>>> print(open('work-v3.txt').read())   # compact mmCIF, C-alpha atoms
# COMPACT_ATOMS: atom_id res chain seq x y z
CA MET A 261 3.96 45.21 -28.43
CA ARG A 262 1.02 42.84 -28.11
CA PRO A 263 1.70 39.38 -26.63
CA PRO A 264 1.06 36.35 -28.83
CA SER A 265 -2.37 34.79 -28.75
CA VAL A 266 -3.04 32.17 -26.12
CA ASP A 267 -3.60 29.57 -28.83
CA SER A 268 -0.33 30.22 -30.66
CA LEU A 269 1.60 30.22 -27.38
CA ALA A 270 -0.04 26.90 -26.45
CA ARG A 271 0.85 25.42 -29.86
CA SER A 272 4.51 26.34 -29.34
CA LEU A 273 4.50 23.94 -26.38
CA ALA A 274 3.21 20.93 -28.33
CA ASP A 275 6.52 19.09 -27.90
CA THR A 276 5.83 18.74 -24.16
CA GLY A 277 3.37 15.96 -24.97
CA LEU A 278 0.52 17.46 -22.94
CA PRO A 279 -2.99 17.72 -24.44
CA HIS A 280 -3.76 21.08 -26.05
CA PRO A 281 -6.36 22.14 -23.41
CA LEU A 282 -3.70 21.81 -20.69
CA LEU A 283 -1.23 23.79 -22.80
CA VAL A 284 -3.87 26.52 -23.13
CA ASP A 285 -4.09 26.58 -19.32
CA ALA A 286 -0.30 26.87 -19.10
CA ALA A 287 -0.25 29.70 -21.65
CA ARG A 288 -2.96 31.64 -19.84
CA ALA A 289 -1.21 31.17 -16.50
CA ALA A 290 2.08 32.41 -17.96
CA ILE A 291 0.47 35.52 -19.42
CA ALA A 292 -1.37 36.25 -16.18
CA ALA A 293 1.79 35.76 -14.10
CA THR A 294 3.81 38.43 -15.91
CA ALA A 295 3.81 41.82 -14.19
CA SER A 296 4.15 43.65 -17.50
CA PRO A 297 3.61 42.62 -21.14
CA VAL A 298 6.29 40.10 -22.07
CA THR A 299 6.67 38.64 -25.54
CA GLY A 300 8.90 36.30 -27.47
CA THR A 301 11.20 33.78 -25.87
CA ALA A 302 10.73 35.06 -22.32
CA LEU A 303 6.99 34.45 -22.38
CA GLU A 304 7.43 31.08 -24.06
CA ALA A 305 9.94 30.10 -21.36
CA GLU A 306 7.43 31.09 -18.68
CA ALA A 307 4.69 29.08 -20.41
CA ARG A 308 6.99 26.09 -20.82
CA ALA A 309 7.85 26.17 -17.12
CA GLU A 310 4.13 26.26 -16.31
CA ALA A 311 3.49 23.31 -18.64
CA GLU A 312 6.24 21.34 -16.95
CA ARG A 313 4.69 22.15 -13.58
CA LEU A 314 1.35 20.83 -14.83
CA GLY A 315 3.04 17.70 -16.13
CA ARG A 316 4.56 17.01 -12.74
CA THR A 317 1.09 16.97 -11.15
CA LEU A 318 0.05 13.98 -13.28
CA LEU A 319 0.40 10.41 -12.08
CA ARG A 320 3.73 9.10 -13.32
CA ARG A 321 6.32 6.47 -12.58
CA VAL A 322 8.90 7.38 -9.92
CA VAL A 323 11.97 5.64 -8.51
CA ASN A 324 11.51 4.89 -4.82
CA ALA A 325 14.93 5.27 -3.19
CA THR A 326 13.56 5.99 0.29
CA GLY A 327 14.01 2.48 1.69
CA VAL A 328 10.30 2.39 2.62
CA LEU A 329 9.00 -0.73 0.88
CA LEU A 330 5.30 0.08 1.30
CA HIS A 331 5.41 3.85 0.84
CA THR A 332 1.85 5.17 1.12
CA ASN A 333 2.67 8.36 -0.82
CA LEU A 334 4.11 6.25 -3.64
CA GLY A 335 1.20 3.81 -3.93
CA ARG A 336 2.34 1.30 -1.29
CA ALA A 337 3.18 -2.13 -2.74
CA PRO A 338 4.97 -2.00 -6.10
CA PHE A 339 2.98 -4.10 -8.51
CA ALA A 340 2.91 -4.50 -12.29
CA TYR A 341 -0.17 -5.67 -14.15
CA GLU A 342 -1.05 -5.42 -17.82
CA GLN A 343 -4.35 -6.48 -19.37
CA ASP A 344 -4.81 -7.21 -23.04
CA ARG A 345 -7.01 -4.80 -24.96
CA GLY A 346 -10.57 -6.04 -25.16
CA TYR A 347 -13.16 -7.59 -22.90
CA THR A 348 -12.97 -10.13 -20.08
CA ASN A 349 -15.36 -12.67 -18.61
CA LEU A 350 -15.73 -10.52 -15.50
CA GLU A 351 -19.35 -11.54 -14.90
CA LEU A 352 -19.88 -14.21 -17.54
CA ASP A 353 -19.91 -17.96 -16.92
CA LEU A 354 -18.15 -19.26 -20.01
CA ALA A 355 -19.40 -22.81 -19.42
CA THR A 356 -23.11 -21.91 -19.44
CA GLY A 357 -23.11 -18.59 -21.25
CA GLN A 358 -25.16 -17.17 -18.37
CA ARG A 359 -24.34 -14.29 -16.06
CA GLY A 360 -21.54 -15.22 -13.70
CA SER A 361 -20.05 -13.65 -10.60
CA ARG A 362 -16.99 -11.46 -10.21
CA ARG A 363 -16.36 -13.47 -7.03
CA ALA A 364 -15.54 -16.57 -9.11
CA HIS A 365 -12.08 -15.38 -10.12
CA ALA A 366 -9.68 -13.51 -7.82
CA PRO A 367 -11.77 -13.85 -4.63
CA ALA A 368 -12.06 -17.62 -5.05
CA LEU A 369 -8.29 -17.90 -5.63
CA LEU A 370 -7.50 -15.75 -2.60
CA ALA A 371 -9.79 -17.92 -0.47
CA ARG A 372 -7.95 -21.00 -1.70
CA ALA A 373 -4.58 -19.41 -0.96
CA CYS A 374 -5.44 -18.56 2.66
CA GLY A 375 -7.56 -21.58 3.53
CA ALA A 376 -10.89 -19.76 3.72
CA GLU A 377 -14.28 -21.12 2.66
CA ALA A 378 -14.97 -17.97 0.64
CA ALA A 379 -13.72 -14.45 0.04
CA LEU A 380 -15.01 -11.09 -1.15
CA VAL A 381 -13.02 -8.15 -2.51
CA VAL A 382 -13.87 -4.48 -1.92
CA ASN A 383 -11.93 -1.33 -2.70
CA ASN A 384 -9.79 -0.97 0.46
CA GLY A 385 -9.23 -2.31 3.97
CA ALA A 386 -11.45 0.21 5.73
CA ALA A 387 -14.27 -0.66 3.32
CA ALA A 388 -13.89 -4.33 4.24
CA VAL A 389 -14.42 -3.55 7.92
CA LEU A 390 -17.30 -1.18 7.15
CA LEU A 391 -19.11 -3.79 5.05
CA VAL A 392 -18.68 -6.58 7.61
CA LEU A 393 -20.07 -4.40 10.40
CA ALA A 394 -22.95 -3.11 8.30
CA ALA A 395 -23.93 -6.56 7.04
CA LEU A 396 -23.56 -8.50 10.28
CA ALA A 397 -24.06 -6.06 13.15
CA ARG A 398 -26.23 -3.12 12.13
CA ASN A 399 -28.17 -1.82 15.17
CA ARG A 400 -26.38 -4.35 17.36
CA GLY A 401 -23.28 -4.33 19.52
CA VAL A 402 -19.69 -5.12 18.53
CA ALA A 403 -17.27 -5.84 21.37
CA VAL A 404 -13.77 -4.36 20.94
CA SER A 405 -10.89 -4.02 23.38
CA ARG A 406 -10.11 -0.41 24.26
CA SER A 407 -6.48 -1.08 23.31
CA GLU A 408 -7.58 -1.80 19.72
CA LEU A 409 -9.67 1.28 18.95
CA VAL A 410 -7.09 2.36 16.42
CA GLU A 411 -6.74 5.24 14.00
CA ILE A 412 -5.56 4.37 10.50
CA GLY A 413 -4.11 6.69 7.86
CA GLY A 414 -5.99 9.86 6.97
CA GLY A 415 -7.57 10.18 10.42
CA PHE A 416 -10.12 7.36 10.03
CA ARG A 417 -10.84 5.71 13.36
CA VAL A 418 -12.44 2.37 14.22
CA PRO A 419 -15.21 4.01 16.34
CA GLU A 420 -16.10 6.31 13.45
CA VAL A 421 -16.17 3.47 10.91
CA MET A 422 -18.40 1.56 13.31
CA THR A 423 -20.78 4.50 13.66
CA GLU A 424 -21.10 4.81 9.88
CA SER A 425 -21.84 1.08 9.63
CA GLY A 426 -24.79 1.36 11.99
CA ALA A 427 -23.22 -0.98 14.56
CA ARG A 428 -22.83 0.01 18.21
CA LEU A 429 -19.41 0.06 19.83
CA VAL A 430 -19.13 -1.96 23.04
CA GLU A 431 -15.80 -1.05 24.65
CA VAL A 432 -14.15 -3.83 26.63
CA GLY A 433 -11.27 -3.81 29.13
CA THR A 434 -8.76 -0.99 29.54
CA THR A 435 -6.17 0.68 27.36
CA ASN A 436 -3.38 -1.66 28.41
CA ARG A 437 -5.07 -4.78 29.78
CA THR A 438 -8.11 -6.68 28.52
CA ARG A 439 -9.12 -10.16 29.73
CA LYS A 440 -11.39 -12.85 28.37
CA ALA A 441 -13.70 -12.22 31.33
CA ASP A 442 -14.19 -8.63 30.14
CA PHE A 443 -15.45 -9.89 26.79
CA ALA A 444 -17.59 -12.56 28.46
CA THR A 445 -19.30 -9.92 30.58
CA ALA A 446 -20.10 -7.83 27.53
CA VAL A 447 -21.39 -10.82 25.56
CA ALA A 448 -23.63 -11.90 28.45
CA ASP A 449 -25.18 -8.43 28.84
CA PRO A 450 -28.59 -8.40 27.05
CA ALA A 451 -28.45 -4.63 26.79
CA ALA A 452 -25.18 -4.81 24.83
CA ASP A 453 -26.72 -7.25 22.31
CA VAL A 454 -23.28 -8.25 21.02
CA ALA A 455 -23.46 -9.59 17.46
CA LEU A 456 -19.72 -9.74 16.77
CA VAL A 457 -16.42 -9.73 18.60
CA LEU A 458 -13.90 -7.61 16.71
CA LYS A 459 -10.16 -8.03 17.15
CA VAL A 460 -8.06 -5.30 15.51
CA HIS A 461 -4.39 -5.98 14.84
CA GLN A 462 -2.08 -3.29 16.22
CA SER A 463 -0.33 -3.08 12.85
CA ASN A 464 0.96 0.48 13.07
CA TYR A 465 1.73 0.82 16.80
CA ARG A 466 2.75 -1.16 19.87
CA ILE A 467 1.64 -1.10 23.50
CA VAL A 468 4.38 -2.44 25.76
CA GLY A 469 4.87 -2.92 29.48
CA PHE A 470 2.05 -3.99 31.82
CA THR A 471 -0.24 -5.33 29.11
CA GLN A 472 -2.64 -8.17 28.43
CA ALA A 473 -4.72 -9.04 25.38
CA VAL A 474 -7.14 -11.80 24.41
CA GLU A 475 -6.20 -13.89 21.40
CA VAL A 476 -8.51 -15.34 18.77
CA PRO A 477 -8.82 -18.91 20.18
CA ALA A 478 -10.14 -17.58 23.49
CA LEU A 479 -12.44 -15.09 21.79
CA GLY A 480 -13.86 -17.91 19.68
CA GLU A 481 -15.13 -19.63 22.82
CA LEU A 482 -17.46 -16.73 23.69
CA GLY A 483 -20.20 -17.49 21.14
CA PRO A 484 -20.53 -14.56 18.70
CA PRO A 485 -18.51 -14.76 15.47
CA VAL A 486 -14.99 -13.36 15.79
CA VAL A 487 -13.90 -10.90 13.09
CA ALA A 488 -10.15 -10.27 12.98
CA ASP A 489 -9.04 -7.12 11.17
CA LEU A 490 -5.42 -7.94 10.34
CA GLY A 491 -4.94 -4.91 8.14
CA SER A 492 -1.42 -5.62 6.95
CA GLY A 493 -2.43 -8.79 5.10
CA LEU A 494 0.25 -11.43 5.67
CA LEU A 495 -1.35 -14.42 3.93
CA ASP A 496 0.44 -17.31 5.65
CA ALA A 497 2.93 -17.19 8.53
CA ALA A 498 4.92 -20.04 6.94
CA CYS A 499 5.58 -17.92 3.80
CA PRO A 500 5.62 -20.99 1.51
CA TRP A 501 6.21 -18.66 -1.45
CA LEU A 502 9.74 -17.94 -0.12
CA ALA A 503 12.41 -20.61 -0.60
CA ASP A 504 14.00 -19.80 2.78
CA GLY A 505 10.73 -19.49 4.69
CA PRO A 506 9.63 -16.45 6.70
CA PRO A 507 12.32 -13.78 7.21
CA ALA A 508 13.31 -13.05 10.80
CA TRP A 509 11.99 -9.49 10.63
CA LEU A 510 8.40 -10.75 10.28
CA GLY A 511 8.55 -11.79 13.92
CA ARG A 512 5.15 -12.93 15.18
CA GLU A 513 3.08 -10.97 12.66
CA PRO A 514 -0.40 -12.55 12.61
CA ALA A 515 -1.35 -14.16 9.29
CA VAL A 516 -4.68 -14.80 7.60
CA ARG A 517 -4.43 -18.59 7.31
CA GLN A 518 -3.40 -19.12 10.94
CA THR A 519 -5.98 -16.64 12.26
CA LEU A 520 -8.79 -18.46 10.47
CA ALA A 521 -7.47 -21.80 11.72
CA ALA A 522 -7.41 -20.39 15.27
CA GLY A 523 -11.15 -19.76 15.18
CA ALA A 524 -11.83 -16.43 13.50
CA ALA A 525 -15.06 -16.52 11.51
CA LEU A 526 -13.88 -13.73 9.21
CA VAL A 527 -10.61 -11.97 8.54
CA THR A 528 -10.28 -8.60 6.82
CA PHE A 529 -7.03 -7.29 5.34
CA SER A 530 -5.55 -4.95 2.74
CA GLY A 531 -4.38 -5.90 -0.73
CA ASP A 532 -1.56 -3.35 -1.03
CA LYS A 533 0.44 -4.02 2.13
CA LEU A 534 2.17 -7.32 2.98
CA LEU A 535 -0.03 -9.07 0.42
CA GLY A 536 1.91 -7.10 -2.18
CA GLY A 537 -0.85 -6.21 -4.65
CA PRO A 538 -3.11 -3.33 -5.68
CA GLN A 539 -5.24 -1.29 -3.30
CA ALA A 540 -8.12 -3.51 -2.20
CA GLY A 541 -9.80 -4.90 0.88
CA ILE A 542 -10.38 -8.61 1.31
CA ILE A 543 -12.98 -10.33 3.50
CA ALA A 544 -12.25 -14.04 3.93
CA GLY A 545 -13.69 -16.80 6.08
CA ARG A 546 -17.00 -18.57 6.62
CA ALA A 547 -19.02 -18.88 3.43
CA ASP A 548 -22.34 -17.90 5.03
CA LEU A 549 -20.92 -14.71 6.51
CA VAL A 550 -19.11 -13.77 3.31
CA GLU A 551 -22.37 -14.34 1.43
CA ALA A 552 -24.22 -12.06 3.84
CA CYS A 553 -21.64 -9.34 3.14
CA ALA A 554 -21.93 -9.88 -0.62
CA ARG A 555 -25.74 -9.49 -0.48
CA HIS A 556 -25.60 -6.20 1.43
CA PRO A 557 -26.37 -3.08 -0.66
CA LEU A 558 -23.02 -1.54 0.30
CA ALA A 559 -21.19 -4.40 -1.44
CA ARG A 560 -22.04 -2.97 -4.84
CA ALA A 561 -20.94 0.52 -3.85
CA LEU A 562 -17.63 -0.76 -2.49
CA ARG A 563 -16.72 -3.35 -5.12
CA PRO A 564 -13.60 -2.85 -7.28
CA GLY A 565 -13.48 -2.93 -11.06
CA GLY A 566 -12.12 -5.53 -13.43
CA LEU A 567 -8.58 -4.12 -13.50
CA VAL A 568 -8.14 -4.53 -9.75
CA LEU A 569 -9.68 -8.01 -9.82
CA GLY A 570 -7.42 -8.98 -12.72
CA ALA A 571 -4.37 -7.78 -10.81
CA LEU A 572 -5.47 -9.68 -7.71
CA GLN A 573 -6.00 -12.82 -9.78
CA GLN A 574 -2.42 -12.58 -11.05
CA LEU A 575 -1.20 -12.06 -7.48
CA ALA A 576 -3.24 -14.97 -6.10
CA LEU A 577 -1.89 -17.29 -8.80
CA SER A 578 1.66 -16.32 -7.81
CA TYR A 579 0.89 -17.23 -4.20
CA LEU A 580 -0.65 -20.55 -5.21
CA GLU A 581 2.40 -21.27 -7.39
CA ARG A 582 4.60 -20.35 -4.41
CA ASP A 583 6.49 -17.93 -6.62
CA GLY A 584 7.64 -15.18 -4.28
CA LYS A 585 9.96 -13.73 -6.93
CA ALA A 586 6.90 -12.80 -8.97
CA ILE A 587 5.61 -10.66 -6.08
CA ASP A 588 7.61 -7.43 -6.15
CA PHE A 589 7.27 -6.63 -2.46
CA TRP A 590 8.61 -10.00 -1.33
CA ARG A 591 11.36 -10.01 -3.94
CA MET A 592 12.58 -6.58 -2.86
CA ALA A 593 12.14 -7.21 0.86
CA THR A 594 14.18 -10.42 0.85
CA VAL A 595 17.01 -9.67 -1.59
CA PRO A 596 20.33 -10.42 0.20
CA VAL A 597 22.39 -7.48 1.44
CA SER A 598 25.36 -8.89 -0.50
CA THR A 599 23.38 -8.51 -3.72
CA LEU A 600 22.57 -4.90 -2.92
CA ARG A 601 26.20 -4.18 -2.11
CA GLY A 602 27.28 -5.75 -5.39
CA ARG A 603 24.89 -3.51 -7.31
CA ALA A 604 26.26 -0.44 -5.54
CA GLU A 605 29.86 -1.38 -6.26
CA ARG A 606 29.18 -1.79 -9.97
CA LEU A 607 28.00 1.81 -10.29
CA ASP A 608 30.30 4.53 -11.61
CA LEU A 609 29.89 6.94 -8.72
CA PRO A 610 31.24 10.51 -8.63
CA ALA A 611 33.41 11.89 -5.85
CA GLY A 612 31.58 12.48 -2.60
CA VAL A 613 29.10 9.62 -3.02
CA GLU A 614 29.65 6.86 -0.48
CA ILE A 615 28.30 3.33 -0.30
CA VAL A 616 26.66 3.06 3.12
CA VAL A 617 24.89 0.53 5.30
CA THR A 618 21.26 1.57 5.77
CA ALA A 619 18.05 0.28 7.32
CA ALA A 620 14.97 -0.12 5.15
CA VAL A 621 11.52 -0.45 6.71
CA PRO A 622 8.32 -2.27 5.64
CA GLY A 623 6.23 0.91 5.95
CA GLY A 624 2.57 1.26 5.00
CA GLY A 625 1.37 0.99 8.60
CA THR A 626 2.88 -2.48 9.05
CA LEU A 627 5.48 -3.95 11.40
CA PRO A 628 6.23 -0.80 13.46
CA GLY A 629 9.83 -0.60 14.62
CA VAL A 630 11.05 -3.28 12.20
CA GLU A 631 14.20 -2.52 10.22
CA ILE A 632 15.67 -4.54 7.35
CA GLU A 633 19.40 -4.22 6.71
CA SER A 634 20.11 -2.59 3.39
CA VAL A 635 22.70 -0.73 1.32
CA GLY A 636 22.48 2.80 0.00
CA LEU A 637 24.34 5.68 -1.61
CA ALA A 638 24.94 8.85 0.41
CA LEU A 639 25.85 12.37 -0.70
CA ALA A 640 26.33 15.34 1.65
CA GLY A 641 23.53 17.89 1.60
CA ASP A 642 19.84 17.82 0.77
CA HIS A 643 19.37 17.07 -2.94
CA ARG A 644 15.82 15.71 -2.80
CA ALA A 645 14.23 18.52 -4.82
CA ALA A 646 16.72 18.13 -7.67
CA LEU A 647 16.18 14.37 -7.73
CA ARG A 648 12.40 14.77 -7.83
CA ALA A 649 12.69 17.21 -10.76
CA ARG A 650 14.22 14.62 -13.09
CA ASP A 651 12.31 13.24 -16.09
CA VAL A 652 11.92 10.03 -14.06
CA PRO A 653 11.68 11.46 -10.54
CA VAL A 654 13.85 9.88 -7.87
CA VAL A 655 12.46 10.05 -4.32
CA ALA A 656 15.15 9.84 -1.65
CA ARG A 657 15.49 10.61 2.06
CA VAL A 658 17.79 12.77 4.19
CA SER A 659 19.68 11.32 7.16
CA ASP A 660 22.47 12.99 9.14
CA ASP A 661 22.62 15.87 6.63
CA HIS A 662 23.17 13.43 3.75
CA THR A 663 20.85 12.53 0.90
CA VAL A 664 20.52 8.73 1.01
CA LEU A 665 19.29 6.55 -1.84
CA ASP A 666 18.41 3.11 -0.48
CA LEU A 667 18.85 0.39 -3.09
CA ARG A 668 16.46 -2.08 -1.47
CA THR A 669 13.50 -0.19 -2.91
CA VAL A 670 15.15 0.54 -6.27
CA GLU A 671 14.59 -1.85 -9.15
CA PRO A 672 17.92 -3.10 -10.60
CA ALA A 673 16.81 -1.77 -13.99
CA ASP A 674 16.89 1.74 -12.46
CA ASP A 675 20.48 1.52 -11.18
CA ARG A 676 21.93 3.30 -14.21
CA GLY A 677 19.34 6.03 -13.81
CA ILE A 678 20.43 6.46 -10.20
CA GLU A 679 24.05 6.61 -11.36
CA ALA A 680 23.19 9.31 -13.92
CA ALA A 681 21.24 11.31 -11.34
CA LEU A 682 24.18 11.34 -8.94
CA ARG A 683 26.61 12.32 -11.68
CA ASP A 684 24.30 15.19 -12.71
CA LEU A 685 24.42 16.42 -9.11
CA ARG A 686 28.22 16.39 -9.20
CA PRO A 687 29.12 16.73 -12.91
CA ASP A 688 32.77 17.76 -12.36
CA ALA A 689 33.62 15.16 -9.70
CA ARG A 690 35.93 12.29 -10.45
CA ARG A 691 35.14 8.78 -9.36
CA PRO A 692 36.61 8.16 -5.87
CA PRO A 693 37.92 4.95 -4.33
CA ARG A 694 34.93 2.94 -3.08
CA THR A 695 34.27 3.35 0.64
CA GLU A 696 31.73 2.10 3.09
CA ARG A 697 30.57 3.62 6.32
>>> encode(input="work-v3.txt", output="structure tokens")
Amino acid sequence: MRPPSVDSLARSLADTGLPHPLLVDAARAAIAATASPVTGTALEAEARAEAERLGRTLLRRVVNATGVLLHTNLGRAPFAYEQDRGYTNLELDLATGQRGSRRAHAPALLARACGAEAALVVNNGAAAVLLVLAALARNRGVAVSRSELVEIGGGFRVPEVMTESGARLVEVGTTNRTRKADFATAVADPAADVALVLKVHQSNYRIVGFTQAVEVPALGELGPPVVADLGSGLLDAACPWLADGPPAWLGREPAVRQTLAAGAALVTFSGDKLLGGPQAGIIAGRADLVEACARHPLARALRPGGLVLGALQQLALSYLERDGKAIDFWRMATVPVSTLRGRAERLDLPAGVEIVVTAAVPGGGTLPGVEIESVGLALAGDHRAALRARDVPVVARVSDDHTVLDLRTVEPADDRGIEAALRDLRPDARRPPRTER
């Protein structure tokens, strides 16, 4: 018996919602995967499974129940932005009708929010550092403490970024101790030709013990402009967008506003970490240096599009309005534990699911070692694959041989979906008395 045509098999999968060319791929893969000619429902089932596999490779919404607030694999900061259909005044000055600048919107607002003279937005944090070095220190030296020659996600390292920028690395001090005198020696050396002093925040690691570092005020006394790469992007240490001020878990995390006030000429940071927005890199500080970066040819290659700038404008307005509840990261990070516990207790949980005390983390290469008390749901065994296979995938973690769903990173609107997922895992279990461990 001859198998059905690829086209007819693909058309039988139309209810999956995938475009026909992808269904053709699924049909061909199903036919090729069968060891012997298979027809009818068996072949259609194989093709449908292949179509579902293809569908799961597409970008889609997931429920983050890992307790990692800035989960790199899940897009880091949760952020919602919707733009009306049509055009925007991205590079149009509405007052004059002449060509405007994409720096007049979100970048100007971000500068206002952090107390900078000017700001420029590029497509990620590494790009911000690359552009600053290329524009301000090409073929010249950049002094950096050996303790700050960091590696960021994906294997990108500060020395390699510096090489690509055309700047020369001037290593200063030792791995654990660097003094102001070490920087002064490098700056005074004509052969080093130091154009910038770069301070890199140790955002994803800590060096403890017999250590010493040079802070921005002291670096600012050396002469060359100080560029502080803060990475994690805390806008203001005072957190005026939070009614209760900065949470204790922030500790002494350096912030953009205070770093600029301390004497940094420029600060670079990410948009999708503690800032709580889309992936972007921000350069903020002295207007003349920002302008030099904006004029560099790389600026055009690294600039983001209108959607990112629109999202950043919305975010910057929330900061200026001091509306932390409108910034998903800060809303989720600061929700009281009692609120999380109340949400858990209102769920209709099957037998074997316990309400547990957990520890969420900021994640995303920020605040290493910091834990934020949270509440979760725990079920014995590893059920992560089954949870990920749901129509709306749920991403959880395993701890002490239990699957744990941390509610701090789950939107309240998804609670009933979490409840349904747990009941599907244990369909015959009766609801137990509520416990906590």
>>> residues_around(input="work-v3.txt", residues="Pro564 of chain A", least_positions_apart="6", cutoff="10 Å", atoms="only C-alpha atoms", output="ChimeraX atom specification")
/A:362,381-384,539-541
>>> residues_around(input="work-v3.txt", residues="Ala498 of chain A", least_positions_apart="6", cutoff="12 Å", atoms="only C-alpha atoms", output="list in words")
Cys374, Asp504, Gly505, Pro506, Pro507, Ala508, Leu510, Gly511, Arg512, Glu513, Pro514, Ala515, Val516, Arg517, Gln518 and Arg582 of chain A
>>> write_last_selection(input="work-v3.txt", atoms="C-alpha atoms", output="PDB file, in the coordinates of the input")
ATOM      1  CA  CYS A 374      -5.440 -18.560   2.660  1.00  0.00           C
ATOM      2  CA  ASP A 504      14.000 -19.800   2.780  1.00  0.00           C
ATOM      3  CA  GLY A 505      10.730 -19.490   4.690  1.00  0.00           C
ATOM      4  CA  PRO A 506       9.630 -16.450   6.700  1.00  0.00           C
ATOM      5  CA  PRO A 507      12.320 -13.780   7.210  1.00  0.00           C
ATOM      6  CA  ALA A 508      13.310 -13.050  10.800  1.00  0.00           C
ATOM      7  CA  LEU A 510       8.400 -10.750  10.280  1.00  0.00           C
ATOM      8  CA  GLY A 511       8.550 -11.790  13.920  1.00  0.00           C
ATOM      9  CA  ARG A 512       5.150 -12.930  15.180  1.00  0.00           C
ATOM     10  CA  GLU A 513       3.080 -10.970  12.660  1.00  0.00           C
ATOM     11  CA  PRO A 514      -0.400 -12.550  12.610  1.00  0.00           C
ATOM     12  CA  ALA A 515      -1.350 -14.160   9.290  1.00  0.00           C
ATOM     13  CA  VAL A 516      -4.680 -14.800   7.600  1.00  0.00           C
ATOM     14  CA  ARG A 517      -4.430 -18.590   7.310  1.00  0.00           C
ATOM     15  CA  GLN A 518      -3.400 -19.120  10.940  1.00  0.00           C
ATOM     16  CA  ARG A 582       4.600 -20.350  -4.410  1.00  0.00           C
TER      17      ARG A 582
END
>>> closest_residue(input="work-v3.txt", among="A:Arg271, A:Arg563, A:Lys533, A:Arg601", to="Ile587 of chain A", atoms="only C-alpha atoms")
A:Lys533
>>> atom_distance(input="work-v3.txt", atom1="atom CA of Glu633 of chain A", atom2="atom CA of Val617 of chain A")
7.4 Å
>>> residues_around(input="work-v3.txt", residues="segment 332-347 of chain A", least_positions_apart="2", cutoff="8 Å", atoms="only C-alpha atoms", output="CSV table (one decimal) with C-alpha atoms, in the coordinates of the input")
chain,number,residue,atom,x,y,z
A,322,VAL,CA,8.9,7.4,-9.9
A,324,ASN,CA,11.5,4.9,-4.8
A,329,LEU,CA,9.0,-0.7,0.9
A,330,LEU,CA,5.3,0.1,1.3
A,349,ASN,CA,-15.4,-12.7,-18.6
A,532,ASP,CA,-1.6,-3.4,-1.0
A,533,LYS,CA,0.4,-4.0,2.1
A,534,LEU,CA,2.2,-7.3,3.0
A,536,GLY,CA,1.9,-7.1,-2.2
A,537,GLY,CA,-0.8,-6.2,-4.6
A,538,PRO,CA,-3.1,-3.3,-5.7
A,567,LEU,CA,-8.6,-4.1,-13.5
A,570,GLY,CA,-7.4,-9.0,-12.7
A,571,ALA,CA,-4.4,-7.8,-10.8
A,574,GLN,CA,-2.4,-12.6,-11.0
A,587,ILE,CA,5.6,-10.7,-6.1
A,588,ASP,CA,7.6,-7.4,-6.2
A,589,PHE,CA,7.3,-6.6,-2.5
A,623,GLY,CA,6.2,0.9,6.0
A,624,GLY,CA,2.6,1.3,5.0
>>> closest_residue(input="work-v3.txt", among="A:Gly531, A:Gly315, A:Gly491, A:Gly612", to="Asp651 of chain A", atoms="all atoms listed in the file")
A:Gly315
>>> atom_distance(input="work-v3.txt", atom1="atom CA of Ala524 of chain A", atom2="atom CA of Gln462 of chain A")
16.6 Å
>>> atom_distance(input="work-v3.txt", atom1="atom CA of Arg398 of chain A", atom2="atom CA of Arg428 of chain A")
7.6 Å
>>> residues_around(input="work-v3.txt", residues="Val284 of chain A", least_positions_apart="6", cutoff="9 Å", atoms="all atoms listed in the file", output="list in words")
Val266, Asp267, Leu269, Ala270 and Arg271 of chain A
>>> residues_around(input="work-v3.txt", residues="Glu312 of chain A", least_positions_apart="4", cutoff="10 Å", atoms="all atoms listed in the file", output="list in words")
Leu273, Thr276, Leu278, Leu283, Ala286, Glu306, Ala307, Arg308, Arg316, Thr317 and Ala649 of chain A
>>> closest_residue(input="work-v3.txt", among="A:Asp660, A:Asp642, A:Glu551, A:Asp674", to="Ala378 of chain A", atoms="all atoms listed in the file")
A:Glu551
>>> closest_residue(input="work-v3.txt", among="A:Thr423, A:Ser405, A:Gln358, A:Thr528", to="Glu475 of chain A", atoms="only C-alpha atoms")
A:Ser405
>>> closest_residue(input="work-v3.txt", among="A:Val652, A:Leu667, A:Val430, A:Ala368", to="Ala593 of chain A", atoms="only C-alpha atoms")
A:Leu667
>>> closest_residue(input="work-v3.txt", among="A:Ala586, A:Ala559, A:Ala488, A:Ala292", to="Ala521 of chain A", atoms="only C-alpha atoms")
A:Ala488
>>> axis_aligned_box(input="work-v3.txt", around="segment 621-634 of chain A", padding_each_side="6 Å", output="AutoDock Vina command-line options")
--center_x 10.7 --center_y -1.6 --center_z 9.0 --size_x 30.7 --size_y 17.8 --size_z 23.2
>>> closest_atom_pairs(input="work-v3.txt", of="segment 653-690 of chain A", to="segment 636-641 of chain A", cutoff="6 Å", atoms="all atoms listed in the file", output="CSV")
residue,atom,partner,partner_atom,distance
A:Asp661,CA,A:Gly641,CA,5.5
A:His662,CA,A:Ala640,CA,4.2
A:Thr663,CA,A:Leu639,CA,5.3
A:Val664,CA,A:Ala638,CA,4.5
A:Leu665,CA,A:Leu637,CA,5.1
A:Asp666,CA,A:Gly636,CA,4.1
A:Leu667,CA,A:Gly636,CA,5.3
